[in-house]
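Everything below belongs to coords-v7.txt, which stores compact mmCIF, C-alpha atoms.
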```
# COMPACT_ATOMS: atom_id res chain seq x y z
CA MET A 1 0.00 0.00 0.00
CA PHE A 2 2.96 2.30 0.37
CA GLY A 3 4.01 2.07 -3.29
CA PRO A 4 1.21 4.35 -4.48
CA LEU A 5 1.91 6.66 -1.52
CA GLY A 6 5.52 7.03 -2.63
CA GLY A 7 4.48 7.64 -6.22
CA ARG A 8 2.01 10.36 -5.30
CA LEU A 9 4.41 12.05 -2.88
CA SER A 10 7.27 12.01 -5.39
CA THR A 11 4.96 13.57 -7.98
CA ALA A 12 3.99 16.26 -5.45
CA LEU A 13 7.69 16.92 -4.78
CA ARG A 14 8.45 17.27 -8.48
CA THR A 15 5.53 19.61 -9.12
CA GLY A 16 6.27 21.75 -6.07
CA THR A 17 2.99 21.11 -4.26
CA PHE A 18 4.47 19.12 -1.35
CA SER A 19 4.97 20.61 2.10
CA TRP A 20 5.82 19.03 5.45
CA THR A 21 2.58 19.44 7.37
CA TRP A 22 0.42 16.85 9.09
CA ARG A 23 -2.88 18.67 8.46
CA ARG A 24 -5.61 16.56 6.88
CA ASP A 25 -6.04 18.92 3.95
CA SER A 26 -2.34 18.86 3.00
CA VAL A 27 -0.86 16.63 0.28
CA LEU A 28 0.95 14.53 2.89
CA GLY A 29 -2.10 14.21 5.13
CA GLN A 30 -4.41 13.24 2.29
CA ASN A 31 -1.98 10.65 0.98
CA LEU A 32 -1.42 9.13 4.41
CA ILE A 33 -5.16 8.88 4.98
CA ALA A 34 -5.60 7.29 1.54
CA SER A 35 -2.85 4.72 2.21
CA LEU A 36 -4.16 3.81 5.65
CA THR A 37 -7.71 3.52 4.32
CA ALA A 38 -6.54 1.26 1.50
CA SER A 39 -4.64 -0.89 4.03
CA PHE A 40 -7.71 -1.26 6.22
CA VAL A 41 -10.02 -2.05 3.30
CA ALA A 42 -7.56 -4.65 1.97
CA GLY A 43 -7.26 -6.15 5.45
CA LEU A 44 -11.03 -6.34 5.80
CA GLY A 45 -11.35 -8.00 2.40
CA LEU A 46 -8.65 -10.53 3.20
CA ALA A 47 -10.29 -11.30 6.55
CA LEU A 48 -13.58 -12.01 4.80
CA VAL A 49 -11.87 -14.21 2.21
CA ALA A 50 -10.02 -16.10 4.96
CA SER A 51 -13.29 -16.67 6.79
CA VAL A 52 -15.02 -18.04 3.69
CA VAL A 53 -12.06 -20.30 2.89
CA ALA A 54 -11.90 -21.55 6.48
CA LEU A 55 -15.61 -22.35 6.45
CA SER A 56 -15.33 -24.16 3.13
CA VAL A 57 -12.41 -26.39 4.16
CA SER A 58 -13.33 -26.97 7.80
CA SER A 59 -13.95 -30.53 8.86
CA GLY A 60 -17.00 -31.57 10.82
CA GLY A 61 -15.31 -31.60 14.23
CA VAL A 62 -13.36 -28.36 14.14
CA ALA A 63 -15.12 -25.04 13.82
CA PRO A 64 -13.08 -22.09 12.49
CA ILE A 65 -12.85 -18.83 14.39
CA GLY A 66 -15.46 -16.17 13.72
CA VAL A 67 -15.37 -13.42 11.12
CA ALA A 68 -14.78 -10.78 13.82
CA ASP A 69 -11.65 -12.62 14.96
CA TYR A 70 -10.29 -12.72 11.42
CA ILE A 71 -10.96 -8.99 11.10
CA VAL A 72 -9.13 -8.23 14.36
CA VAL A 73 -6.13 -10.34 13.36
CA SER A 74 -6.02 -8.79 9.89
CA MET A 75 -6.32 -5.22 11.18
CA LEU A 76 -3.67 -5.72 13.87
CA GLY A 77 -1.36 -7.28 11.30
CA GLY A 78 -1.88 -4.33 8.96
CA ILE A 79 -1.31 -1.79 11.73
CA LEU A 80 1.86 -3.50 12.95
CA ALA A 81 3.24 -3.89 9.43
CA SER A 82 2.48 -0.25 8.61
CA ALA A 83 4.06 0.97 11.83
CA TRP A 84 7.15 -1.17 11.25
CA PHE A 85 7.49 0.08 7.68
CA LEU A 86 7.11 3.75 8.69
CA VAL A 87 9.57 3.46 11.60
CA SER A 88 12.20 1.45 9.71
CA ARG A 89 12.16 3.81 6.70
CA SER A 90 12.46 7.02 8.69
CA ASP A 91 16.28 7.23 8.60
```
Using structure tokens, write down the structure that the file contains.
Amino acid sequence: MFGPLGGRLSTALRTGTFSWTWRRDSVLGQNLIASLTASFVAGLGLALVASVVALSVSSGGVAPIGVADYIVVSMLGGILASAWFLVSRSD
């Protein structure tokens, strides 16, 4: 999800519209919100797909975890991966 963010920010740098501000209406703020929203939507979609796959391959004796659990795991994974990526690339 950070590939498109980098592309949009590099375009903003080249055109002179980029500025370092964390306001929501700035280029940086809008692009960060767009990337985080795309990460959450992708995580939600993957959680739903995982739930459907788990239900389709589950055997009679073992019930898979619920959809809400898949969503929590997917969202936490996305948040941790995003945080790790942002922190490790800050140097």
How far is it from atom CA of Tyr70 of chain A to atom CA of Val53 of chain A, in Å with one decimal? 11.5 Å
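All residues of protein, DNA or RNA that reach within 12 Å of Thr37 of chain A, judged by only C-alpha atoms and not counting those fewer than 2 positions away in the chain, are Met1, Phe2, Leu5, Gln30, Asn31, Leu32, Ile33, Ala34, Ser35, Ser39, Phe40, Val41, Ala42, Gly43, Leu44, Met75, Gly78, Ile79 and Ser82 of chain A.
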Go ahead and write the selection's residues with C-alpha atoms as a compact mmCIF listing (two decimals), in the frame of the given file.
```txt
# COMPACT_ATOMS: atom_id res chain seq x y z
CA MET A 1 0.00 0.00 0.00
CA PHE A 2 2.96 2.30 0.37
CA LEU A 5 1.91 6.66 -1.52
CA GLN A 30 -4.41 13.24 2.29
CA ASN A 31 -1.98 10.65 0.98
CA LEU A 32 -1.42 9.13 4.41
CA ILE A 33 -5.16 8.88 4.98
CA ALA A 34 -5.60 7.29 1.54
CA SER A 35 -2.85 4.72 2.21
CA SER A 39 -4.64 -0.89 4.03
CA PHE A 40 -7.71 -1.26 6.22
CA VAL A 41 -10.02 -2.05 3.30
CA ALA A 42 -7.56 -4.65 1.97
CA GLY A 43 -7.26 -6.15 5.45
CA LEU A 44 -11.03 -6.34 5.80
CA MET A 75 -6.32 -5.22 11.18
CA GLY A 78 -1.88 -4.33 8.96
CA ILE A 79 -1.31 -1.79 11.73
CA SER A 82 2.48 -0.25 8.61
```
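Picture a line from atom CA of Ile71 of chain A to atom CA of Ala50 of chain A; it runs 9.4 Å.
Picture a line from atom CA of Leu48 of chain A to atom CA of Ala63 of chain A; it runs 15.9 Å.
Compared by their closest atoms to Ser74 of chain A, and using only C-alpha atoms, the residues A:Ala12, A:Val49, A:Gly7, A:Asp25 rank with A:Val49 nearest.
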Nearest to Ala54 of chain A among A:Gly66, A:Ala83, A:Gly77, A:Thr11, with distances taken over only C-alpha atoms: which residue is it? A:Gly66
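Counting all atoms listed in the file, the residue from A:Ser56, A:Pro4, A:Gly16, A:Trp22 that sits nearest to Ala38 of chain A is A:Pro4.
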Which residues are near Phe18 of chain A? Cut-off 10 Å, only C-alpha atoms, ignore same chain within fewer than 4 positions. Put them as JSON, numbers by chain. {"A": [8, 9, 10, 11, 12, 13, 14, 26, 27, 28]}
Please dump the current selection as a short mmCIF file (atom, residue, chain, number, x, y, z; two decimals), in the coordinates of the input; keep C-alpha atoms.
```
data_model
loop_
_atom_site.label_atom_id
_atom_site.label_comp_id
_atom_site.auth_asym_id
_atom_site.auth_seq_id
_atom_site.Cartn_x
_atom_site.Cartn_y
_atom_site.Cartn_z
CA ARG A 8 2.01 10.36 -5.30
CA LEU A 9 4.41 12.05 -2.88
CA SER A 10 7.27 12.01 -5.39
CA THR A 11 4.96 13.57 -7.98
CA ALA A 12 3.99 16.26 -5.45
CA LEU A 13 7.69 16.92 -4.78
CA ARG A 14 8.45 17.27 -8.48
CA SER A 26 -2.34 18.86 3.00
CA VAL A 27 -0.86 16.63 0.28
CA LEU A 28 0.95 14.53 2.89
#
```
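Closest approach to Val72 of chain A from the set A:Arg23, A:Ser58, A:Ala47, A:Leu36 is made by A:Ala47, with distances taken over all atoms listed in the file.
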Fill-in result for segment 53-69 of chain A, N, CA and C atoms as a compact mmCIF listing (two decimals), in the frame of the given file:
```txt
# COMPACT_ATOMS: atom_id res chain seq x y z
N VAL A 53 -12.91 -19.14 3.18
CA VAL A 53 -12.06 -20.30 2.89
C VAL A 53 -12.04 -21.25 4.08
N ALA A 54 -11.92 -20.69 5.29
CA ALA A 54 -11.90 -21.55 6.48
C ALA A 54 -13.20 -22.31 6.64
N LEU A 55 -14.32 -21.66 6.36
CA LEU A 55 -15.61 -22.35 6.45
C LEU A 55 -15.75 -23.44 5.39
N SER A 56 -15.19 -23.18 4.22
CA SER A 56 -15.33 -24.16 3.13
C SER A 56 -14.43 -25.38 3.31
N VAL A 57 -13.32 -25.25 3.99
CA VAL A 57 -12.41 -26.39 4.16
C VAL A 57 -12.46 -26.99 5.56
N SER A 58 -13.30 -26.45 6.43
CA SER A 58 -13.33 -26.97 7.80
C SER A 58 -13.96 -28.37 7.83
N SER A 59 -13.40 -29.18 8.70
CA SER A 59 -13.95 -30.53 8.86
C SER A 59 -15.10 -30.47 9.85
N GLY A 60 -15.82 -31.54 9.98
CA GLY A 60 -17.00 -31.57 10.82
C GLY A 60 -16.72 -31.32 12.29
N GLY A 61 -15.57 -31.71 12.80
CA GLY A 61 -15.31 -31.60 14.23
C GLY A 61 -14.68 -30.30 14.68
N VAL A 62 -14.07 -29.58 13.77
CA VAL A 62 -13.36 -28.36 14.14
C VAL A 62 -14.04 -27.16 13.50
N ALA A 63 -14.48 -26.24 14.34
CA ALA A 63 -15.12 -25.04 13.82
C ALA A 63 -14.08 -23.92 13.71
N PRO A 64 -14.04 -23.19 12.61
CA PRO A 64 -13.08 -22.09 12.49
C PRO A 64 -13.48 -20.92 13.38
N ILE A 65 -12.55 -20.02 13.58
CA ILE A 65 -12.85 -18.83 14.39
C ILE A 65 -13.85 -17.95 13.64
N GLY A 66 -14.44 -17.01 14.32
CA GLY A 66 -15.46 -16.17 13.72
C GLY A 66 -14.89 -15.10 12.81
N VAL A 67 -15.77 -14.47 12.05
CA VAL A 67 -15.37 -13.42 11.12
C VAL A 67 -14.75 -12.25 11.88
N ALA A 68 -15.31 -11.90 13.03
CA ALA A 68 -14.78 -10.78 13.82
C ALA A 68 -13.33 -11.04 14.24
N ASP A 69 -13.02 -12.28 14.58
CA ASP A 69 -11.65 -12.62 14.96
C ASP A 69 -10.69 -12.48 13.79
```
